[in-house]
Amino acid sequence: MLMVGLTGGIGAGKSTVTAVLAEAGAVIVDADRIAREVVEPGTPGLAMLVAEFGEQILGVDGALDRAALAGLAFVDAGRTAALNAITHPLIGQRTAELFGTAPEDAIVVHDMPLLVEGGMTPGYNLVIVVDTPADIRLRRLVEQRGMPDDDARARMSRQATDEQRRAVADVLLDNSGERQVVADLTRSLVESRLLPFEHNLRTGTPVIGDRAVVPFRPEWAGEAERASARLGHVLGEVAVRIDHVGPTSVGGLDAPDIIDIQVTVRDEAGRDAALRALTAAGWVRDRSSERPLFHWCDPARPVEVSVIAEDDPEHEFSLLMSEVIADDPAAREEYAGILRRADREETRQWERARCASTRS
Ligand SMILES: CC(C)(COP(=O)(O)OP(=O)(O)OC[C@H]1O[C@@H](n2cnc3c(N)ncnc32)[C@H](O)[C@@H]1O)[C@@H](O)C(=O)NCCC(=O)NCCS
Ligand SMILES: Nc1ncnc2c1ncn2[C@@H]1O[C@H](COP(=O)(O)OP(=O)(O)OP(=O)(O)O)[C@@H](O)[C@H]1O
């Protein structure tokens with residue numbers, strides 16, 4: 001099962017994108033729809049909202065008057081927090097139930113407007129952001145959905161910024177153009193990434209990165225950050241620290257397009273716990289390596305994770321390496337030459353020797 005988090009600012013086009021994903025067979029879990037379900041007449045959710053916001057949020061039929069609640073809840077950050085404190089636990093509970101009913105081979109897409117605000121992104125195998133500039137979103141909400149301008153602006157002010165969403169996105173779907181454009185982008189994403197990613201996770205098929213050296217990519221830092229956040233979500237307290245190491249961690253250096261992450265654990269028990277947790281989360285053990293090394297399964301983003309105890313002498317040199325190389329042009333040139341030979345063991349020998357000489 002592939003767990004995908006999908007988000008975007010109000011009016012970004014999440015529903016437009018999820019309609020295409022559903023056509024392709026994905027299981028959509030729509031937070032807005034669940035948010036309606038948990039405040040239907042007779043539910044504890046509606047009773048709690050009335051207790052908080054008053055009978056004025058009820059229509060003559062006893063159902064929630066959504067516009068009336070919106071008018072009270074979005075004018076003020078504190079009132080939005082009160083709304084969220086009531087609705088989000090109920091939404092979360094129902095969401096977990098729906099995740100549990102999805103088939104084992106499903107691509108589950110959680111359409112969650114407040115994914116970033118809730119700090120939830122590390123819990124997903126992939127995060128897709130429908131990226132539409134705020135001014136276009138505002139125009140579409142007013143002109144096409146008939147949302148009052150002040151209501152749309154109030155809600156936008158209670159949401160993360162576009163920059164905050166872009167920082168945690170693995171995939172940005174640009175929806176500033178015609179509907180057909182974002183629909184085509186979505187279909188291509190399903191074919192090129194979501195379907196193979198789900199297959200790899202379910203069958204334990206690792207994605208082994210190509211060791212050919214490519215020009216430095218500034219995206220490597222963000223990709224390593226997101227991989228580290230996901231590993232932190234999987235490992236919790238078992239990991240003493242999680243670091244981006246290896247060639248892609250050296251700023252500006254041409255390197256193989258493989259993100260190397262080092263997980264430091266306390267001791268042997270910690271290492272065994274980490275190996276179990278990584279395997280359970282879908283990481284694939286590299287049996288050809290004498291040290292605990294895992295590969296990820298994302299066809300578009302090769303990641304390798306090594307697990308090492310903090311008292312292992314090698315633990316430190318991987319951390320030192322990027323500093324040592326970064327400040328020494330001759331070392332960078334020598335390292336780049338080694339990397340171009342694309343031999344993992346030779347690279348490690350050079351890294352170890354280089355950092356040992358630095359420490360001595
Ligand atoms: C206040 C309510 C009744 C207004 O209903 P209305 O039909 O006008 O809007 P709807 O529910 O369709 O939401 C439309 C969009 O508004 C934005 N929005 C909704 N709730 C919130 C919120 N608490 N904070 C920020 N943005 C929100 C989202 O982008 C959402 O996609 C409703 O938004 C609500 O119950 N919100 C609380 C639950 C929630 O946080 N839902 C967001 C997804 S978890
Ligand atoms: N590419 C597009 N061109 C023009 N209009 C669009 C485009 N994509 C979406 N829209 C329109 O913009 C509005 C918002 O789109 P949609 O409802 O899919 O956004 P959303 O992210 O689901 O919104 P919400 O956060 O409110 O759930 C809708 O009226 C939709 O028809």
# chains A, B, ... in the order shown; residues from 1 in each chain; ligands from 1

call {"tool": "select_by_dssp", "arguments": {"residues": "segment 86-330 of chain A", "states": "strand (DSSP E)", "output": "PyMOL selection string"}}
result
chain A and resi 107-111+126-131+171-174+213-214+239-245+255-256+259-265+284-285+293-295+303-309

call {"tool": "residues_near_ligand", "arguments": {"ligand": "ligand 2", "cutoff": "7 Å", "atoms": "only C-alpha atoms and all ligand atoms", "output": "list in words"}}
result
Gly8, Gly9, Ile10, Gly11, Ala12, Gly13, Lys14, Ser15, Thr16, Val17, Asp32, Pro113, Arg137, Arg140, Leu141, Gln144, Arg145, Asn175, Ser176, Gly177, Glu178, Arg179 and Val182 of chain A

call {"tool": "closest_atom_pairs", "arguments": {"of": "chain A", "to": "ligand 1", "cutoff": "7 Å", "atoms": "only C-alpha atoms and all ligand atoms", "output": "tab-separated table"}}
result
residue	atom	partner	partner_atom_place_in_ligand_line	distance
A:Gly9	CA	ligand 1	29 (O)	5.8
A:Ile10	CA	ligand 1	29 (O)	3.6
A:Gly11	CA	ligand 1	29 (O)	6.7
A:Ala31	CA	ligand 1	44 (S)	5.0
A:Asp32	CA	ligand 1	43 (C)	4.9
A:Ala35	CA	ligand 1	38 (C)	5.2
A:Arg36	CA	ligand 1	35 (O)	6.4
A:Arg66	CA	ligand 1	3 (C)	4.2
A:Ala67	CA	ligand 1	8 (O)	5.5
A:Leu69	CA	ligand 1	1 (C)	5.4
A:Ala70	CA	ligand 1	1 (C)	4.2
A:Ala73	CA	ligand 1	1 (C)	6.4
A:Thr80	CA	ligand 1	23 (N)	5.8
A:Leu83	CA	ligand 1	37 (C)	6.0
A:Asn84	CA	ligand 1	23 (N)	5.4
A:Thr87	CA	ligand 1	38 (C)	5.4
A:His88	CA	ligand 1	40 (O)	6.3
A:Ile91	CA	ligand 1	44 (S)	6.9
A:Met112	CA	ligand 1	43 (C)	5.6
A:Pro113	CA	ligand 1	43 (C)	4.9
A:Leu114	CA	ligand 1	44 (S)	5.6
A:Arg155	CA	ligand 1	26 (N)	5.1
A:Met156	CA	ligand 1	26 (N)	6.7
A:Arg158	CA	ligand 1	25 (C)	5.0
A:Gln159	CA	ligand 1	25 (C)	5.0

call {"tool": "residues_around", "arguments": {"residues": "Asn125 of chain A", "least_positions_apart": "6", "cutoff": "10 Å", "atoms": "only C-alpha atoms", "output": "ChimeraX atom specification"}}
result
/A:1-5,170,197-198,201,227,230,281-282,297-298

call {"tool": "closest_residue", "arguments": {"among": "A:His244, A:Arg271, A:Arg226, A:Arg165", "to": "Thr132 of chain A", "atoms": "only C-alpha atoms"}}
result
A:Arg165

call {"tool": "atom_distance", "arguments": {"atom1": "atom CA of Thr7 of chain A", "atom2": "atom CA of Ile128 of chain A"}}
result
6.5 Å

call {"tool": "residues_around", "arguments": {"residues": "Leu320 of chain A", "least_positions_apart": "3", "cutoff": "12 Å", "atoms": "only C-alpha atoms", "output": "list of chain:residue names"}}
result
A:Asp243, A:His244, A:Val245, A:Gly246, A:Ser249, A:Val250, A:Pro313, A:Glu314, A:His315, A:Glu316, A:Phe317, A:Glu323, A:Val324, A:Ile325, A:Ala326, A:Asp327, A:Glu351, A:Arg352, A:Ala353, A:Arg354, A:Cys355, A:Ala356, A:Ser357, A:Thr358, A:Arg359

call {"tool": "closest_residue", "arguments": {"among": "A:Gly222, A:Gly123, A:Pro44, A:Pro103", "to": "Val168 of chain A", "atoms": "only C-alpha atoms"}}
result
A:Gly222

call {"tool": "closest_residue", "arguments": {"among": "A:Pro302, A:Gly92, A:Pro218, A:Pro206", "to": "Val284 of chain A", "atoms": "only C-alpha atoms"}}
result
A:Pro206

call {"tool": "select_by_dssp", "arguments": {"residues": "segment 191-327 of chain A", "states": "helix (DSSP H, G or I)", "output": "ChimeraX atom specification"}}
result
/A:191-203,219-238,247-249,268-280,313-326

call {"tool": "atom_distance", "arguments": {"atom1": "atom CA of His199 of chain A", "atom2": "atom CA of Ala273 of chain A"}}
result
25.7 Å

call {"tool": "residues_around", "arguments": {"residues": "Trp350 of chain A", "least_positions_apart": "6", "cutoff": "12 Å", "atoms": "only C-alpha atoms", "output": "list in words"}}
result
Gly246, Phe317, Ser318, Met321, Ile325, Ala331, Arg332, Glu334, Tyr335, Ala336, Gly337, Ile338, Leu339, Asp343, Arg344, Ala356 and Ser357 of chain A

call {"tool": "residues_around", "arguments": {"residues": "Ala82 of chain A", "least_positions_apart": "2", "cutoff": "12 Å", "atoms": "only C-alpha atoms", "output": "list in words"}}
result
Met48, Leu49, Val50, Ala51, Glu52, Phe53, Leu69, Leu72, Ala73, Phe74, Asp76, Ala77, Gly78, Arg79, Thr80, Asn84, Ala85, Ile86, Thr87, His88 and Pro89 of chain A

call {"tool": "residues_around", "arguments": {"residues": "Val238 of chain A", "least_positions_apart": "4", "cutoff": "12 Å", "atoms": "only C-alpha atoms", "output": "list in words"}}
result
Leu231, Gly232, His233, Val234, Ile242, Val263, Thr264, Val265, Arg266, Asp267, Glu268, Ala269, Gly270, Arg271, Asp272, Ala273, Ala274, Leu275, Arg276, Ala277, Leu278, Val307, Ile308, Ala309 and Glu310 of chain A

call {"tool": "closest_residue", "arguments": {"among": "A:Val27, A:Ala221, A:Leu64, A:Val127", "to": "Leu46 of chain A", "atoms": "only C-alpha atoms"}}
result
A:Leu64
